[in-house]
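Printed here is start_22.csv (CSV, C-alpha atoms):
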chain,number,residue,atom,x,y,z
A,1,MET,CA,-4.6,-16.0,-2.2
A,2,MET,CA,-3.9,-16.6,-5.9
A,3,ALA,CA,-4.8,-19.9,-7.5
A,4,SER,CA,-2.6,-21.8,-9.8
A,5,SER,CA,-3.6,-22.3,-13.4
A,6,TYR,CA,-3.0,-25.3,-15.7
A,7,ASN,CA,-1.6,-25.0,-19.2
A,8,ALA,CA,-2.0,-27.6,-22.0
A,9,LYS,CA,0.1,-30.7,-22.3
A,10,ASP,CA,3.4,-30.6,-24.0
A,11,GLU,CA,4.6,-33.1,-26.6
A,12,ASP,CA,5.9,-35.5,-24.0
A,13,GLY,CA,2.5,-35.6,-22.2
A,14,HIS,CA,3.6,-33.5,-19.2
A,15,ILE,CA,1.2,-31.0,-17.6
A,16,THR,CA,2.7,-27.6,-16.9
A,17,VAL,CA,1.4,-25.8,-13.8
A,18,SER,CA,1.7,-22.0,-13.6
A,19,GLY,CA,2.2,-20.7,-10.0
A,20,PRO,CA,1.6,-17.3,-8.4
A,21,GLY,CA,5.1,-16.1,-9.3
A,22,GLY,CA,4.7,-17.0,-12.9
A,23,GLY,CA,7.0,-20.0,-12.6
A,24,ALA,CA,6.2,-23.2,-14.3
A,25,LEU,CA,6.2,-26.6,-12.5
A,26,ARG,CA,5.9,-30.0,-14.1
A,27,SER,CA,3.6,-32.6,-12.7
A,28,LYS,CA,4.8,-36.1,-11.6
A,29,LYS,CA,3.0,-37.9,-14.3
A,30,PRO,CA,5.4,-40.3,-16.2
A,31,GLU,CA,6.4,-39.3,-19.7
A,32,ASN,CA,4.2,-40.4,-22.6
A,33,THR,CA,6.6,-43.2,-23.8
A,34,ALA,CA,5.9,-46.9,-24.4
A,35,PHE,CA,8.2,-48.0,-21.6
A,36,LYS,CA,6.9,-45.6,-18.9
A,37,GLN,CA,3.3,-46.0,-19.9
A,38,GLN,CA,3.7,-49.8,-20.0
A,39,ARG,CA,2.7,-50.2,-23.7
A,40,LEU,CA,5.6,-52.5,-24.6
A,41,PRO,CA,4.8,-55.8,-26.3
A,42,ALA,CA,4.5,-58.7,-23.9
A,43,TRP,CA,4.4,-62.5,-24.2
A,44,GLN,CA,2.3,-64.6,-21.9
A,45,PRO,CA,2.9,-68.4,-21.9
A,46,ILE,CA,-0.3,-70.5,-22.3
A,47,LEU,CA,-0.1,-73.8,-20.6
A,48,THR,CA,-1.5,-76.5,-22.8
A,49,ALA,CA,-1.4,-80.2,-22.7
A,50,GLY,CA,1.1,-80.2,-25.6
A,51,THR,CA,3.6,-78.3,-23.6
A,52,VAL,CA,3.0,-79.3,-20.0
A,53,LEU,CA,2.8,-83.1,-20.3
A,54,PRO,CA,6.0,-83.6,-22.3
A,55,ALA,CA,7.8,-81.3,-19.7
A,56,PHE,CA,6.7,-83.5,-16.8
A,57,PHE,CA,7.7,-86.7,-18.5
A,58,ILE,CA,11.1,-85.4,-19.7
A,59,ILE,CA,11.9,-84.1,-16.2
A,60,GLY,CA,10.9,-87.5,-14.7
A,61,LEU,CA,12.9,-89.5,-17.2
A,62,ILE,CA,16.0,-87.4,-16.7
A,63,PHE,CA,15.9,-87.0,-12.9
A,64,ILE,CA,15.1,-90.6,-11.9
A,65,PRO,CA,18.2,-92.2,-13.6
A,66,ILE,CA,20.5,-89.4,-12.3
A,67,GLY,CA,19.1,-89.9,-8.8
A,68,ILE,CA,19.6,-93.7,-9.0
A,69,GLY,CA,23.2,-93.2,-10.1
A,70,LEU,CA,24.0,-90.7,-7.3
A,71,TYR,CA,22.4,-92.9,-4.7
A,72,VAL,CA,24.2,-96.1,-5.8
A,73,THR,CA,27.5,-94.2,-6.0
A,74,SER,CA,27.0,-92.8,-2.5
A,75,ASN,CA,26.2,-96.3,-1.1
A,76,ASN,CA,29.2,-97.9,-2.8
A,77,ILE,CA,31.7,-95.6,-0.9
A,78,LYS,CA,33.7,-97.8,1.5
A,79,GLU,CA,36.1,-97.1,4.3
A,80,PHE,CA,39.0,-99.2,3.2
A,81,GLU,CA,39.7,-98.0,-0.4
A,82,SER,CA,42.0,-95.2,-1.4
A,83,ASN,CA,42.5,-92.3,1.1
A,84,VAL,CA,40.3,-92.4,4.1
A,85,PHE,CA,38.8,-89.1,5.4
A,86,MET,CA,38.1,-88.6,9.1
A,87,TYR,CA,35.3,-86.2,9.9
A,88,TYR,CA,33.8,-84.8,13.1
A,89,GLY,CA,30.1,-84.2,13.2
A,90,LEU,CA,27.9,-82.0,15.3
A,91,SER,CA,24.1,-82.1,15.7
A,92,ASN,CA,21.7,-79.3,16.7
A,93,PHE,CA,24.4,-76.6,16.1
A,94,TYR,CA,22.9,-73.8,14.0
A,95,GLN,CA,25.9,-72.3,12.2
A,96,ASN,CA,23.5,-70.8,9.7
A,97,HIS,CA,22.0,-68.3,12.2
A,98,ARG,CA,22.2,-64.8,10.6
A,99,ARG,CA,23.8,-63.1,13.6
A,100,TYR,CA,26.3,-65.9,14.0
A,101,VAL,CA,27.3,-66.0,10.3
A,102,LYS,CA,28.0,-62.2,10.4
A,103,SER,CA,30.1,-62.4,13.6
A,104,ARG,CA,33.5,-62.3,12.0
A,105,ASP,CA,36.0,-59.8,10.6
A,106,ASP,CA,37.2,-60.9,7.1
A,107,SER,CA,39.7,-58.1,6.9
A,108,GLN,CA,41.3,-59.3,10.1
A,109,LEU,CA,41.4,-62.8,8.9
A,110,ASN,CA,43.1,-61.6,5.7
A,111,GLY,CA,46.0,-60.2,7.7
A,112,ASP,CA,45.0,-56.5,7.9
A,113,ILE,CA,47.0,-54.9,10.8
A,114,GLU,CA,44.4,-52.2,11.5
A,115,SER,CA,41.6,-54.8,11.8
A,116,LEU,CA,43.8,-56.8,14.2
A,117,LYS,CA,44.0,-53.8,16.5
A,118,LYS,CA,40.5,-52.6,16.0
A,119,PRO,CA,38.1,-55.5,15.2
A,120,SER,CA,34.9,-54.9,13.3
A,121,LYS,CA,31.7,-54.1,15.3
A,122,GLU,CA,30.2,-57.2,13.7
A,123,CYS,CA,32.3,-59.3,16.1
A,124,GLU,CA,30.6,-57.9,19.2
A,125,PRO,CA,30.4,-59.1,22.0
A,126,TYR,CA,33.5,-61.1,21.0
A,127,ALA,CA,35.6,-58.2,19.7
A,128,ARG,CA,37.5,-57.2,22.9
A,129,HIS,CA,38.3,-58.9,26.2
A,130,ASP,CA,40.2,-57.4,29.2
A,131,ASN,CA,40.6,-54.2,27.1
A,132,LYS,CA,42.5,-56.1,24.4
A,133,PRO,CA,41.4,-56.9,20.9
A,134,ILE,CA,40.5,-60.6,20.3
A,135,ALA,CA,42.3,-62.4,17.5
A,136,PRO,CA,40.4,-63.9,15.8
A,137,CYS,CA,37.3,-62.1,16.8
A,138,GLY,CA,33.6,-63.1,16.5
A,139,ALA,CA,31.3,-65.8,17.6
A,140,ILE,CA,32.3,-68.3,14.9
A,141,ALA,CA,35.9,-68.3,15.9
A,142,ASN,CA,35.0,-68.3,19.7
A,143,SER,CA,33.0,-71.5,19.2
A,144,MET,CA,35.6,-73.4,17.3
A,145,PHE,CA,35.6,-77.2,17.7
A,146,ASN,CA,38.7,-78.2,19.7
A,147,ASP,CA,38.4,-81.9,20.7
A,148,THR,CA,41.4,-84.0,19.9
A,149,LEU,CA,40.8,-87.4,18.1
A,150,GLU,CA,43.3,-90.2,17.8
A,151,LEU,CA,42.7,-93.5,16.1
A,152,PHE,CA,44.4,-96.8,17.1
A,153,TYR,CA,44.4,-100.2,15.4
A,154,ASN,CA,44.1,-103.1,17.9
A,155,ASP,CA,46.5,-105.7,16.5
A,156,PRO,CA,45.5,-109.4,17.1
A,157,ASN,CA,48.8,-109.8,18.9
A,158,GLY,CA,47.6,-107.3,21.5
A,159,THR,CA,49.7,-104.4,20.1
A,160,LYS,CA,48.0,-101.0,19.9
A,161,ILE,CA,49.1,-99.2,16.7
A,162,GLN,CA,48.4,-95.5,16.2
A,163,ILE,CA,47.0,-94.6,12.8
A,164,PRO,CA,48.9,-91.6,11.3
A,165,LEU,CA,46.6,-88.7,10.6
A,166,THR,CA,47.4,-85.9,8.2
A,167,ALA,CA,46.4,-82.4,9.2
A,168,THR,CA,47.4,-80.7,5.9
A,169,GLY,CA,45.2,-80.5,2.9
A,170,ILE,CA,41.9,-80.6,4.8
A,171,ALA,CA,41.0,-76.9,3.9
A,172,TRP,CA,40.1,-75.5,0.5
A,173,TRP,CA,43.1,-74.2,-1.4
A,174,THR,CA,41.5,-70.8,-2.0
A,175,ASP,CA,40.7,-70.4,1.7
A,176,LYS,CA,44.2,-71.0,2.9
A,177,HIS,CA,46.1,-69.1,0.2
A,178,VAL,CA,43.6,-66.3,-0.6
A,179,LYS,CA,41.0,-65.6,2.1
A,180,PHE,CA,43.1,-66.3,5.2
A,181,LYS,CA,46.5,-64.7,5.9
A,182,ASN,CA,48.6,-64.0,9.0
A,183,PRO,CA,49.4,-60.3,9.7
A,184,GLY,CA,52.9,-59.3,8.7
A,185,VAL,CA,53.5,-62.3,6.4
A,186,ASN,CA,57.2,-61.4,6.2
A,187,ASN,CA,57.6,-61.8,9.9
A,188,PRO,CA,57.9,-65.5,11.0
A,189,ASN,CA,57.6,-64.6,14.7
A,190,LEU,CA,53.8,-64.8,15.1
A,191,THR,CA,54.1,-64.2,18.9
A,192,ALA,CA,55.4,-60.7,18.1
A,193,VAL,CA,52.8,-60.2,15.3
A,194,PHE,CA,49.9,-60.9,17.6
A,195,GLN,CA,51.4,-59.1,20.6
A,196,GLY,CA,48.8,-56.8,22.2
A,197,THR,CA,45.9,-59.1,21.3
A,198,THR,CA,44.2,-61.8,23.3
A,199,LYS,CA,42.7,-65.2,22.5
A,200,PRO,CA,38.9,-65.9,22.1
A,201,VAL,CA,37.2,-66.4,25.4
A,202,ASN,CA,36.5,-70.1,24.9
A,203,TRP,CA,39.9,-71.0,23.5
A,204,ARG,CA,42.5,-72.8,25.6
A,205,ARG,CA,45.5,-71.2,23.8
A,206,PRO,CA,46.1,-68.2,21.5
A,207,VAL,CA,45.9,-68.4,17.8
A,208,TYR,CA,49.7,-68.4,17.2
A,209,GLU,CA,50.0,-71.6,19.3
A,210,LEU,CA,47.5,-73.7,17.3
A,211,ASP,CA,50.3,-75.7,15.6
A,212,SER,CA,54.0,-76.0,15.9
A,213,ASP,CA,54.3,-76.0,12.1
A,214,ALA,CA,54.7,-72.3,10.9
A,215,SER,CA,52.9,-73.2,7.7
A,216,ASN,CA,49.8,-74.4,9.6
A,217,ASN,CA,49.7,-71.9,12.4
A,218,GLY,CA,47.8,-68.7,13.2
A,219,PHE,CA,45.0,-67.6,10.9
A,220,ILE,CA,46.2,-70.2,8.2
A,221,ASN,CA,45.7,-73.1,10.6
A,222,GLU,CA,43.6,-75.6,8.6
A,223,ASP,CA,41.5,-76.7,11.5
A,224,PHE,CA,40.5,-73.1,12.1
A,225,ILE,CA,39.9,-72.5,8.4
A,226,VAL,CA,37.6,-75.5,8.1
A,227,TRP,CA,35.6,-74.4,11.1
A,228,MET,CA,35.2,-70.8,9.8
A,229,ARG,CA,33.4,-72.2,6.6
A,230,THR,CA,29.9,-72.3,8.2
A,231,ALA,CA,27.5,-75.2,7.6
A,232,ALA,CA,24.0,-74.7,6.1
A,233,LEU,CA,22.2,-77.2,8.3
A,234,PRO,CA,22.2,-77.8,12.0
A,235,THR,CA,23.5,-81.4,11.6
A,236,PHE,CA,26.8,-81.3,9.7
A,237,ARG,CA,30.3,-82.8,9.4
A,238,LYS,CA,33.6,-81.2,8.9
A,239,LEU,CA,36.9,-82.7,7.7
A,240,TYR,CA,39.2,-83.4,10.6
A,241,ARG,CA,42.1,-85.5,9.2
A,242,ILE,CA,43.2,-87.6,6.2
A,243,ILE,CA,44.4,-91.2,6.5
A,244,ASN,CA,46.7,-91.6,3.5
A,245,LYS,CA,46.6,-94.9,1.5
A,246,THR,CA,49.5,-97.3,1.7
A,247,ASN,CA,52.0,-97.7,-1.1
A,248,ASN,CA,50.8,-101.2,-1.7
A,249,ASN,CA,47.4,-101.0,-3.5
A,250,MET,CA,46.6,-104.5,-2.5
A,251,VAL,CA,46.7,-103.6,1.2
A,252,PRO,CA,43.6,-101.7,2.5
A,253,THR,CA,44.2,-98.3,4.1
A,254,LEU,CA,42.3,-99.5,7.2
A,255,PRO,CA,42.6,-103.3,7.6
A,256,ARG,CA,39.7,-105.3,8.9
A,257,GLY,CA,39.7,-105.5,12.7
A,258,ASN,CA,39.1,-103.6,15.9
A,259,TYR,CA,39.9,-100.0,16.4
A,260,THR,CA,40.1,-97.6,19.4
A,261,LEU,CA,39.2,-94.0,19.2
A,262,GLU,CA,40.7,-91.8,21.9
A,263,VAL,CA,39.0,-88.4,22.4
A,264,VAL,CA,40.4,-85.5,24.5
A,265,TYR,CA,37.1,-84.0,25.5
A,266,ASN,CA,37.3,-80.2,25.3
A,267,TYR,CA,34.1,-79.2,23.4
A,268,PRO,CA,30.9,-79.3,25.5
A,269,VAL,CA,27.6,-79.9,23.7
A,270,ARG,CA,25.1,-80.4,26.5
A,271,SER,CA,24.3,-76.6,26.6
A,272,PHE,CA,22.6,-76.8,23.2
A,273,GLU,CA,21.5,-80.4,23.5
A,274,GLY,CA,23.8,-81.4,20.7
A,275,ARG,CA,25.7,-84.6,19.9
A,276,LYS,CA,29.2,-85.3,18.6
A,277,ARG,CA,30.3,-88.1,16.3
A,278,MET,CA,33.2,-89.3,14.2
A,279,ILE,CA,32.9,-90.5,10.6
A,280,LEU,CA,35.4,-92.5,8.5
A,281,SER,CA,34.8,-92.4,4.8
A,282,THR,CA,36.3,-92.4,1.3
A,283,ILE,CA,35.1,-90.1,-1.5
A,284,SER,CA,33.9,-90.6,-5.0
A,285,TRP,CA,33.5,-88.3,-8.0
A,286,MET,CA,30.5,-86.8,-6.3
A,287,GLY,CA,32.3,-86.2,-2.9
A,288,GLY,CA,31.7,-88.0,0.4
A,289,LYS,CA,28.9,-90.3,1.3
A,290,ASN,CA,25.7,-88.3,1.1
A,291,PRO,CA,22.5,-90.1,-0.1
A,292,PHE,CA,20.4,-87.0,0.2
A,293,LEU,CA,21.1,-85.7,-3.3
A,294,GLY,CA,20.3,-89.0,-5.0
A,295,ILE,CA,17.0,-89.3,-3.0
A,296,ALA,CA,16.1,-85.7,-3.9
A,297,TYR,CA,16.5,-86.4,-7.6
A,298,ILE,CA,14.6,-89.6,-7.4
A,299,THR,CA,11.7,-88.0,-5.5
A,300,VAL,CA,11.4,-85.0,-7.8
A,301,GLY,CA,11.6,-87.2,-10.9
A,302,SER,CA,9.0,-89.6,-9.6
A,303,VAL,CA,6.6,-86.8,-8.6
A,304,CYS,CA,6.9,-85.2,-12.0
A,305,PHE,CA,6.3,-88.5,-13.8
A,306,PHE,CA,3.3,-89.3,-11.6
A,307,LEU,CA,1.8,-85.8,-12.2
A,308,GLY,CA,2.4,-86.3,-15.9
A,309,VAL,CA,0.4,-89.6,-15.9
A,310,VAL,CA,-2.4,-88.0,-13.8
A,311,LEU,CA,-2.7,-84.9,-16.1
A,312,LEU,CA,-2.6,-87.2,-19.2
A,313,ILE,CA,-5.6,-89.2,-17.9
A,314,ILE,CA,-7.5,-86.0,-17.0
A,315,HIS,CA,-6.7,-84.5,-20.5
A,316,HIS,CA,-7.8,-87.7,-22.2
A,317,LYS,CA,-11.1,-87.8,-20.4
A,318,CYS,CA,-12.0,-84.2,-20.1
A,319,GLY,CA,-10.1,-82.6,-23.0
A,320,ASN,CA,-12.0,-84.4,-25.8
A,321,ARG,CA,-15.3,-83.8,-24.1
A,322,ASN,CA,-14.8,-80.0,-24.1
A,323,ASN,CA,-13.2,-80.2,-27.6
A,324,SER,CA,-10.2,-78.2,-26.3
A,325,ALA,CA,-6.5,-79.0,-25.9
A,326,ASP,CA,-6.0,-76.3,-23.3
A,327,ILE,CA,-5.2,-78.1,-20.1
A,328,SER,CA,-5.5,-74.8,-18.2
A,329,ASN,CA,-9.3,-75.0,-18.7

Final structure tokens representation of the file:
Amino acid sequence: MMASSYNAKDEDGHITVSGPGGGALRSKKPENTAFKQQRLPAWQPILTAGTVLPAFFIIGLIFIPIGIGLYVTSNNIKEFESNVFMYYGLSNFYQNHRRYVKSRDDSQLNGDIESLKKPSKECEPYARHDNKPIAPCGAIANSMFNDTLELFYNDPNGTKIQIPLTATGIAWWTDKHVKFKNPGVNNPNLTAVFQGTTKPVNWRRPVYELDSDASNNGFINEDFIVWMRTAALPTFRKLYRIINKTNNNMVPTLPRGNYTLEVVYNYPVRSFEGRKRMILSTISWMGGKNPFLGIAYITVGSVCFFLGVVLLIIHHKCGNRNNSADISN
């Protein structure tokens, strides 16, 4: 058996290996360049009292006022000014589960005919039922919230007045006009378009019967679109309806008094130990009522300011003693 021999290095730093057949093979050693040999110039930040302490105080002084402003704005949101937004809320419902989030077919929801007939494998086990493709397919669509909420004002004279609820404008414009489309957009007969498909297992009626209004029916139904935008936390709220303000700005949208909420109970929550709720709220420049963001800013700012004071005391006592300004020591 013939042994291989090694030749000298070439200009790039490679080693050439001569084999039994006279062939030359290069070794796997990286080229002798500054990048591949990690000889590029580098910069390493050195944490000193002169850089760390001002950063802590600046963050604290910026975050605390912003947090207070957000918190006060959130608490000042009332339910009788401007338009009133009606939300439904669910607790202990994990829409952020990885398998749940992936269980949809975006091509089908965008009106693709082939995806309507052959749903994506990501929709399994909610892709087909009774040997028919499900439209819309997937676990998200199958678990859509379908309770019906109606709000009534109890007039002091004993009259029960129904509050008009607007179902349009509750979904994002980009969702309704870009991401979601009905198959065969030029065909107004959705019954014919969805022929050969079946409704999701947990639905009471097919997707083309969600609304009598053609502009809010099928995949472009706004209740459906709102549900398909999954929530990040297990306790969440989704916009259900809008109560438009009156023409007279001096009259509140919802006058003071007693109200009755009538719920057609279709959506069970006991199986996952959840809870349902209804929320009435207006919005401000920062959105709906949500004190979390303001509290988060105040907390982060306060912690940074506190750490800045502690480190300043430590530096004042220990830094001069060691005759060094380097707080990392």

To one decimal place, how far is atom CA of A:Gly301 from atom CA of A:Ala55 in Å?
->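 That distance, rounded to one decimal, is 11.3 Å.
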
Please provide as a PyMOL selection string all residues within 8 Å of A:Glu122, with the sequence filter that same-chain residues fewer than 3 positions apart are discarded (counting all atoms listed in the file).
-> chain A and resi 102-105+138

What would the list of residues within 12 Å of (30.2, -76.0, 5.0) (file frame) look like as a PDB file with C-alpha atoms, in the coordinates of the input, if only C-alpha atoms are what count?
ATOM      1  CA  GLY A  89      30.100 -84.200  13.200  1.00  0.00           C
ATOM      2  CA  TYR A  94      22.900 -73.800  14.000  1.00  0.00           C
ATOM      3  CA  GLN A  95      25.900 -72.300  12.200  1.00  0.00           C
ATOM      4  CA  ASN A  96      23.500 -70.800   9.700  1.00  0.00           C
ATOM      5  CA  VAL A 101      27.300 -66.000  10.300  1.00  0.00           C
ATOM      6  CA  ALA A 171      41.000 -76.900   3.900  1.00  0.00           C
ATOM      7  CA  TRP A 172      40.100 -75.500   0.500  1.00  0.00           C
ATOM      8  CA  ILE A 225      39.900 -72.500   8.400  1.00  0.00           C
ATOM      9  CA  VAL A 226      37.600 -75.500   8.100  1.00  0.00           C
ATOM     10  CA  TRP A 227      35.600 -74.400  11.100  1.00  0.00           C
ATOM     11  CA  MET A 228      35.200 -70.800   9.800  1.00  0.00           C
ATOM     12  CA  ARG A 229      33.400 -72.200   6.600  1.00  0.00           C
ATOM     13  CA  THR A 230      29.900 -72.300   8.200  1.00  0.00           C
ATOM     14  CA  ALA A 231      27.500 -75.200   7.600  1.00  0.00           C
ATOM     15  CA  ALA A 232      24.000 -74.700   6.100  1.00  0.00           C
ATOM     16  CA  LEU A 233      22.200 -77.200   8.300  1.00  0.00           C
ATOM     17  CA  PRO A 234      22.200 -77.800  12.000  1.00  0.00           C
ATOM     18  CA  THR A 235      23.500 -81.400  11.600  1.00  0.00           C
ATOM     19  CA  PHE A 236      26.800 -81.300   9.700  1.00  0.00           C
ATOM     20  CA  ARG A 237      30.300 -82.800   9.400  1.00  0.00           C
ATOM     21  CA  LYS A 238      33.600 -81.200   8.900  1.00  0.00           C
ATOM     22  CA  LEU A 239      36.900 -82.700   7.700  1.00  0.00           C
TER      23      LEU A 239
END

Stretch 257-265 of chain A environment, 8 Å, all atoms listed in the file, sequence neighbours closer than 6 positions dropped, as a PyMOL selection string | chain A and resi 147-155

Please produce an output containing C-alpha atoms for each residue in the selection, written as a compact mmCIF listing (two decimals), in the coordinates of the input.
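Written file, selection.txt:
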# COMPACT_ATOMS: atom_id res chain seq x y z
CA ASP A 147 38.40 -81.90 20.70
CA THR A 148 41.40 -84.00 19.90
CA LEU A 149 40.80 -87.40 18.10
CA GLU A 150 43.30 -90.20 17.80
CA LEU A 151 42.70 -93.50 16.10
CA PHE A 152 44.40 -96.80 17.10
CA TYR A 153 44.40 -100.20 15.40
CA ASN A 154 44.10 -103.10 17.90
CA ASP A 155 46.50 -105.70 16.50

Which one is closest to A:Asn92: A:Leu280, A:Leu210, A:Val269, A:Ala167? Count only C-alpha atoms.
-> A:Val269

Each stretch 216-256 of chain A residue no farther than 9 Å from stretch 176-184 of chain A, nearest pair in Å, only C-alpha atoms, as CSV:
residue,atom,partner,partner_atom,distance
A:Asn217,CA,A:Asn182,CA,8.7
A:Gly218,CA,A:Asn182,CA,6.4
A:Phe219,CA,A:Asn182,CA,5.4
A:Ile220,CA,A:Lys176,CA,5.7
A:Asn221,CA,A:Lys176,CA,8.1
A:Glu222,CA,A:Lys176,CA,7.3
A:Ile225,CA,A:Lys176,CA,7.1

Grab the atom CA of A:Ser74 to atom CA of A:Ile298 distance for me, in Å with one decimal place.
->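 Result for atom CA of A:Ser74 versus atom CA of A:Ile298: 13.7 Å, one decimal.
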
Hey, what's within 12 Å of A:Pro119 if we count only C-alpha atoms and toss same-chain stuff fewer than 2 positions away? As a ChimeraX atom specification, please?
-> /A:103-109,111-117,121-129,132-138,197-198

At a cut-off of 10 Å, using all atoms listed in the file, what residues contact A:Thr246? Leave out same-chain residues fewer than 5 positions from it and give the result as a short mmCIF file (atom, residue, chain, number, x, y, z; two decimals) with C-alpha atoms, keeping the file's coordinate frame.
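See around28.cif below for the written result:
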data_model
loop_
_atom_site.label_atom_id
_atom_site.label_comp_id
_atom_site.auth_asym_id
_atom_site.auth_seq_id
_atom_site.Cartn_x
_atom_site.Cartn_y
_atom_site.Cartn_z
CA SER A 82 42.00 -95.20 -1.40
CA ASN A 83 42.50 -92.30 1.10
CA VAL A 251 46.70 -103.60 1.20
CA PRO A 252 43.60 -101.70 2.50
CA THR A 253 44.20 -98.30 4.10
CA LEU A 254 42.30 -99.50 7.20
#

How many Å lie between atom CA of A:Ala214 and atom CA of A:Asn189, rounded to one decimal?
->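 One can read the atom CA of A:Ala214 to atom CA of A:Asn189 distance as 9.1 Å.
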
Residue neighbourhood A:Phe56, 6 Å, all atoms listed in the file, exclusion window fewer than 6 positions, as a PyMOL selection string | chain A and resi 304-305+308

List every protein, DNA or RNA residue that has at least one atom no more than 10 Å from (48.7, -85.5, 4.7) in the file's coordinates, counting only C-alpha atoms, and write the result as a count of residues only.
-> 12
